[in-house]
Amino acid sequence: MKKSGIINPELSAALASLGHFDSFVICDMGFPIPKDARIDLTLTAGVPHFLPVLKACLNEVVVQEMVLMDGVKTANVPLHEELMCMVHHQDVGYVSLPEFRERAKDAKFYLRTGE
């Protein structure tokens, strides 16, 4: 039995399957995602939160680039500040919501949080 790190078997396997240039999306409950690429982590509204999911993933895999919706810089300043504290060696890019949705179509999988 695995005793540390991500213990969700579906998520652990999905992260282990990532290769160079593969992408994944951590999203909220309302983000439009295909059912066959969904890893649903939701428990109740707000659980789990986005940041703990991101932190757990960053502890498991090498992330070269983090792409955020440009609105986060002004619409959710505290979240943006926390995200910037988590960035160490990753490039950070900002795109509009329509562009984010378009880019998300190439994701290998989507992690649906309770946010």
# chains A, B, ... in the order shown; residues from 1 in each chain; ligands from 1
$ residues_around --residues "Asp106 in chain A" --least-positions-apart "6" --cutoff "9 Å" --atoms "only C-alpha atoms" --output "list of chain:residue names"
A:Asp22, A:Ser23, A:Phe24
$ write_last_selection --atoms "C-alpha atoms" --output "CSV table (one decimal), in the first residue's frame"
chain,number,residue,atom,x,y,z
A,22,ASP,CA,1.9,16.3,-22.2
A,23,SER,CA,-0.5,18.6,-20.4
A,24,PHE,CA,-3.2,18.2,-17.9
$ select_by_dssp --residues "chain A" --states "strand (DSSP E or B)" --output "PDB file with N, CA and C atoms, in the first residue's frame"
ATOM      1  N   PHE A  24      -1.976  18.583 -18.570  1.00  0.00           N
ATOM      2  CA  PHE A  24      -3.191  18.225 -17.854  1.00  0.00           C
ATOM      3  C   PHE A  24      -3.781  19.498 -17.291  1.00  0.00           C
ATOM      4  N   VAL A  25      -5.057  19.454 -16.960  1.00  0.00           N
ATOM      5  CA  VAL A  25      -5.786  20.625 -16.494  1.00  0.00           C
ATOM      6  C   VAL A  25      -6.345  20.331 -15.109  1.00  0.00           C
ATOM      7  N   ILE A  26      -6.162  21.273 -14.196  1.00  0.00           N
ATOM      8  CA  ILE A  26      -6.847  21.228 -12.911  1.00  0.00           C
ATOM      9  C   ILE A  26      -7.941  22.280 -12.998  1.00  0.00           C
ATOM     10  N   CYS A  27      -9.193  21.848 -12.863  1.00  0.00           N
ATOM     11  CA  CYS A  27     -10.304  22.762 -13.119  1.00  0.00           C
ATOM     12  C   CYS A  27     -11.364  22.687 -12.023  1.00  0.00           C
ATOM     13  N   ARG A  38     -11.720  12.543 -17.637  1.00  0.00           N
ATOM     14  CA  ARG A  38     -11.965  13.186 -16.349  1.00  0.00           C
ATOM     15  C   ARG A  38     -11.494  12.313 -15.200  1.00  0.00           C
ATOM     16  N   ILE A  39     -10.766  12.929 -14.290  1.00  0.00           N
ATOM     17  CA  ILE A  39     -10.496  12.317 -13.000  1.00  0.00           C
ATOM     18  C   ILE A  39     -11.221  13.200 -12.002  1.00  0.00           C
ATOM     19  N   ASP A  40     -12.320  12.704 -11.493  1.00  0.00           N
ATOM     20  CA  ASP A  40     -13.203  13.508 -10.664  1.00  0.00           C
ATOM     21  C   ASP A  40     -12.802  13.368  -9.203  1.00  0.00           C
ATOM     22  N   THR A  44     -17.590  17.465  -2.104  1.00  0.00           N
ATOM     23  CA  THR A  44     -18.688  18.394  -1.878  1.00  0.00           C
ATOM     24  C   THR A  44     -18.272  19.720  -2.508  1.00  0.00           C
ATOM     25  N   VAL A  47     -14.739  21.163  -2.019  1.00  0.00           N
ATOM     26  CA  VAL A  47     -13.803  20.126  -1.563  1.00  0.00           C
ATOM     27  C   VAL A  47     -13.572  19.131  -2.687  1.00  0.00           C
ATOM     28  N   GLU A  65       5.711  24.280 -17.688  1.00  0.00           N
ATOM     29  CA  GLU A  65       4.978  25.518 -17.906  1.00  0.00           C
ATOM     30  C   GLU A  65       3.617  25.436 -17.231  1.00  0.00           C
ATOM     31  N   MET A  66       3.222  26.530 -16.615  1.00  0.00           N
ATOM     32  CA  MET A  66       1.904  26.641 -16.020  1.00  0.00           C
ATOM     33  C   MET A  66       1.151  27.707 -16.814  1.00  0.00           C
ATOM     34  N   VAL A  67      -0.019  27.348 -17.318  1.00  0.00           N
ATOM     35  CA  VAL A  67      -0.821  28.293 -18.090  1.00  0.00           C
ATOM     36  C   VAL A  67      -2.050  28.648 -17.264  1.00  0.00           C
ATOM     37  N   LEU A  68      -2.237  29.926 -17.034  1.00  0.00           N
ATOM     38  CA  LEU A  68      -3.334  30.429 -16.223  1.00  0.00           C
ATOM     39  C   LEU A  68      -4.219  31.336 -17.064  1.00  0.00           C
ATOM     40  N   MET A  69      -5.472  31.448 -16.674  1.00  0.00           N
ATOM     41  CA  MET A  69      -6.346  32.419 -17.331  1.00  0.00           C
ATOM     42  C   MET A  69      -5.939  33.814 -16.868  1.00  0.00           C
ATOM     43  N   ASP A  91       7.816  28.075 -16.381  1.00  0.00           N
ATOM     44  CA  ASP A  91       7.389  29.267 -17.101  1.00  0.00           C
ATOM     45  C   ASP A  91       5.910  29.458 -16.781  1.00  0.00           C
ATOM     46  N   VAL A  92       5.470  30.695 -16.696  1.00  0.00           N
ATOM     47  CA  VAL A  92       4.067  30.990 -16.439  1.00  0.00           C
ATOM     48  C   VAL A  92       3.544  31.812 -17.608  1.00  0.00           C
ATOM     49  N   GLY A  93       2.454  31.336 -18.191  1.00  0.00           N
ATOM     50  CA  GLY A  93       1.814  32.045 -19.288  1.00  0.00           C
ATOM     51  C   GLY A  93       0.383  32.376 -18.929  1.00  0.00           C
ATOM     52  N   TYR A  94      -0.141  33.424 -19.542  1.00  0.00           N
ATOM     53  CA  TYR A  94      -1.507  33.858 -19.302  1.00  0.00           C
ATOM     54  C   TYR A  94      -2.249  33.901 -20.622  1.00  0.00           C
ATOM     55  N   VAL A  95      -3.456  33.360 -20.636  1.00  0.00           N
ATOM     56  CA  VAL A  95      -4.278  33.358 -21.845  1.00  0.00           C
ATOM     57  C   VAL A  95      -5.707  33.733 -21.468  1.00  0.00           C
ATOM     58  N   PHE A 109      -5.461  14.655 -19.515  1.00  0.00           N
ATOM     59  CA  PHE A 109      -6.544  14.418 -18.568  1.00  0.00           C
ATOM     60  C   PHE A 109      -6.868  15.710 -17.824  1.00  0.00           C
ATOM     61  N   TYR A 110      -8.021  15.702 -17.154  1.00  0.00           N
ATOM     62  CA  TYR A 110      -8.528  16.849 -16.414  1.00  0.00           C
ATOM     63  C   TYR A 110      -8.796  16.404 -14.971  1.00  0.00           C
ATOM     64  N   LEU A 111      -8.342  17.184 -14.016  1.00  0.00           N
ATOM     65  CA  LEU A 111      -8.640  16.930 -12.608  1.00  0.00           C
ATOM     66  C   LEU A 111      -9.738  17.888 -12.191  1.00  0.00           C
ATOM     67  N   ARG A 112     -10.890  17.344 -11.863  1.00  0.00           N
ATOM     68  CA  ARG A 112     -12.020  18.188 -11.469  1.00  0.00           C
ATOM     69  C   ARG A 112     -12.039  18.322  -9.951  1.00  0.00           C
TER      70      ARG A 112
END
$ atom_distance --atom1 "CA of Val53 in chain A" --atom2 "CA of Leu41 in chain A"
9.0 Å
$ closest_residue --among "A:Lys55, A:Lys3, A:His20, A:His49" --to "Met86 in chain A" --atoms "only C-alpha atoms"
A:Lys55
$ residues_around --residues "Leu18 in chain A" --least-positions-apart "4" --cutoff "12 Å" --atoms "only C-alpha atoms" --output "ChimeraX atom specification"
/A:11-14,22-24,57,60-63,107-109
$ closest_residue --among "A:Leu51, A:Pro9, A:Gly46, A:Glu99" --to "Leu83 in chain A" --atoms "only C-alpha atoms"
A:Leu51
$ residues_around --residues "range 71-73 of chain A" --least-positions-apart "3" --cutoff "9 Å" --atoms "only C-alpha atoms" --output "list in words"
Leu68, Asn76, Val77, Pro78, Leu79, His80, Glu81, Tyr94, Val95, Ser96 and Leu97 of chain A
$ atom_distance --atom1 "CA of Pro34 in chain A" --atom2 "CA of Lys105 in chain A"
8.9 Å
$ decode --residues "range 33-47 of chain A" --atoms "all heavy atoms" --output "mmCIF file, in the first residue's frame"
data_model
loop_
_atom_site.group_PDB
_atom_site.id
_atom_site.type_symbol
_atom_site.label_atom_id
_atom_site.label_comp_id
_atom_site.auth_asym_id
_atom_site.auth_seq_id
_atom_site.Cartn_x
_atom_site.Cartn_y
_atom_site.Cartn_z
ATOM 1 N N ILE A 33 -15.504 19.499 -19.707
ATOM 2 C CA ILE A 33 -14.464 18.496 -19.977
ATOM 3 C C ILE A 33 -15.088 17.205 -20.495
ATOM 4 O O ILE A 33 -16.209 16.862 -20.131
ATOM 5 C CB ILE A 33 -13.610 18.191 -18.720
ATOM 6 C CG1 ILE A 33 -14.472 17.771 -17.543
ATOM 7 C CG2 ILE A 33 -12.772 19.383 -18.344
ATOM 8 C CD1 ILE A 33 -13.692 17.430 -16.287
ATOM 9 N N PRO A 34 -14.346 16.486 -21.323
ATOM 10 C CA PRO A 34 -14.861 15.204 -21.817
ATOM 11 C C PRO A 34 -14.896 14.164 -20.688
ATOM 12 O O PRO A 34 -14.004 14.117 -19.847
ATOM 13 C CB PRO A 34 -13.862 14.795 -22.905
ATOM 14 C CG PRO A 34 -12.735 15.746 -22.831
ATOM 15 C CD PRO A 34 -13.075 16.850 -21.894
ATOM 16 N N LYS A 35 -15.938 13.364 -20.655
ATOM 17 C CA LYS A 35 -16.096 12.373 -19.590
ATOM 18 C C LYS A 35 -14.982 11.336 -19.582
ATOM 19 O O LYS A 35 -14.581 10.859 -18.532
ATOM 20 C CB LYS A 35 -17.450 11.678 -19.707
ATOM 21 C CG LYS A 35 -18.601 12.579 -19.356
ATOM 22 C CD LYS A 35 -19.916 11.850 -19.425
ATOM 23 C CE LYS A 35 -21.031 12.836 -19.100
ATOM 24 N NZ LYS A 35 -22.320 12.212 -19.036
ATOM 25 N N ASP A 36 -14.477 10.972 -20.748
ATOM 26 C CA ASP A 36 -13.470 9.914 -20.801
ATOM 27 C C ASP A 36 -12.083 10.380 -20.358
ATOM 28 O O ASP A 36 -11.189 9.558 -20.167
ATOM 29 C CB ASP A 36 -13.401 9.306 -22.204
ATOM 30 C CG ASP A 36 -13.024 10.320 -23.270
ATOM 31 O OD1 ASP A 36 -13.194 11.535 -23.058
ATOM 32 O OD2 ASP A 36 -12.560 9.883 -24.340
ATOM 33 N N ALA A 37 -11.886 11.674 -20.172
ATOM 34 C CA ALA A 37 -10.574 12.186 -19.752
ATOM 35 C C ALA A 37 -10.639 12.804 -18.358
ATOM 36 O O ALA A 37 -9.721 13.463 -17.928
ATOM 37 C CB ALA A 37 -10.071 13.222 -20.759
ATOM 38 N N ARG A 38 -11.720 12.543 -17.637
ATOM 39 C CA ARG A 38 -11.965 13.186 -16.349
ATOM 40 C C ARG A 38 -11.494 12.313 -15.200
ATOM 41 O O ARG A 38 -11.782 11.129 -15.149
ATOM 42 C CB ARG A 38 -13.458 13.443 -16.193
ATOM 43 C CG ARG A 38 -13.861 13.993 -14.849
ATOM 44 C CD ARG A 38 -15.351 14.074 -14.676
ATOM 45 N NE ARG A 38 -15.953 14.799 -15.788
ATOM 46 C CZ ARG A 38 -17.246 14.908 -15.976
ATOM 47 N NH1 ARG A 38 -18.083 14.339 -15.150
ATOM 48 N NH2 ARG A 38 -17.709 15.585 -16.998
ATOM 49 N N ILE A 39 -10.766 12.929 -14.290
ATOM 50 C CA ILE A 39 -10.496 12.317 -13.000
ATOM 51 C C ILE A 39 -11.221 13.200 -12.002
ATOM 52 O O ILE A 39 -10.821 14.336 -11.755
ATOM 53 C CB ILE A 39 -8.994 12.225 -12.695
ATOM 54 C CG1 ILE A 39 -8.300 11.378 -13.760
ATOM 55 C CG2 ILE A 39 -8.766 11.653 -11.294
ATOM 56 C CD1 ILE A 39 -6.791 11.339 -13.637
ATOM 57 N N ASP A 40 -12.320 12.704 -11.493
ATOM 58 C CA ASP A 40 -13.203 13.508 -10.664
ATOM 59 C C ASP A 40 -12.802 13.368 -9.203
ATOM 60 O O ASP A 40 -12.935 12.304 -8.615
ATOM 61 C CB ASP A 40 -14.644 13.050 -10.875
ATOM 62 C CG ASP A 40 -15.650 14.057 -10.373
ATOM 63 O OD1 ASP A 40 -15.279 14.907 -9.531
ATOM 64 O OD2 ASP A 40 -16.804 13.984 -10.819
ATOM 65 N N LEU A 41 -12.280 14.445 -8.641
ATOM 66 C CA LEU A 41 -11.862 14.453 -7.244
ATOM 67 C C LEU A 41 -12.903 15.078 -6.334
ATOM 68 O O LEU A 41 -12.706 15.145 -5.126
ATOM 69 C CB LEU A 41 -10.544 15.229 -7.107
ATOM 70 C CG LEU A 41 -9.369 14.718 -7.933
ATOM 71 C CD1 LEU A 41 -8.165 15.632 -7.748
ATOM 72 C CD2 LEU A 41 -9.026 13.290 -7.577
ATOM 73 N N THR A 42 -14.030 15.541 -6.899
ATOM 74 C CA THR A 42 -15.008 16.273 -6.112
ATOM 75 C C THR A 42 -15.618 15.411 -5.014
ATOM 76 O O THR A 42 -15.852 14.225 -5.187
ATOM 77 C CB THR A 42 -16.153 16.820 -6.985
ATOM 78 O OG1 THR A 42 -16.788 15.737 -7.659
ATOM 79 C CG2 THR A 42 -15.641 17.811 -7.988
ATOM 80 N N LEU A 43 -15.842 16.049 -3.880
ATOM 81 C CA LEU A 43 -16.519 15.412 -2.760
ATOM 82 C C LEU A 43 -17.777 16.199 -2.414
ATOM 83 O O LEU A 43 -18.879 15.683 -2.449
ATOM 84 C CB LEU A 43 -15.586 15.324 -1.547
ATOM 85 C CG LEU A 43 -16.153 14.687 -0.297
ATOM 86 C CD1 LEU A 43 -16.516 13.227 -0.552
ATOM 87 C CD2 LEU A 43 -15.162 14.799 0.847
ATOM 88 N N THR A 44 -17.590 17.465 -2.104
ATOM 89 C CA THR A 44 -18.688 18.394 -1.878
ATOM 90 C C THR A 44 -18.272 19.720 -2.508
ATOM 91 O O THR A 44 -17.108 19.887 -2.884
ATOM 92 C CB THR A 44 -18.963 18.613 -0.370
ATOM 93 O OG1 THR A 44 -17.790 19.148 0.249
ATOM 94 C CG2 THR A 44 -19.371 17.321 0.311
ATOM 95 N N ALA A 45 -19.208 20.643 -2.597
ATOM 96 C CA ALA A 45 -18.868 21.951 -3.148
ATOM 97 C C ALA A 45 -17.721 22.553 -2.346
ATOM 98 O O ALA A 45 -17.795 22.654 -1.127
ATOM 99 C CB ALA A 45 -20.077 22.876 -3.127
ATOM 100 N N GLY A 46 -16.642 22.877 -3.026
ATOM 101 C CA GLY A 46 -15.467 23.455 -2.362
ATOM 102 C C GLY A 46 -14.426 22.446 -1.930
ATOM 103 O O GLY A 46 -13.327 22.825 -1.541
ATOM 104 N N VAL A 47 -14.739 21.163 -2.019
ATOM 105 C CA VAL A 47 -13.803 20.126 -1.563
ATOM 106 C C VAL A 47 -13.572 19.131 -2.687
ATOM 107 O O VAL A 47 -14.546 18.561 -3.196
ATOM 108 C CB VAL A 47 -14.350 19.406 -0.311
ATOM 109 C CG1 VAL A 47 -13.411 18.297 0.140
ATOM 110 C CG2 VAL A 47 -14.600 20.402 0.819
#
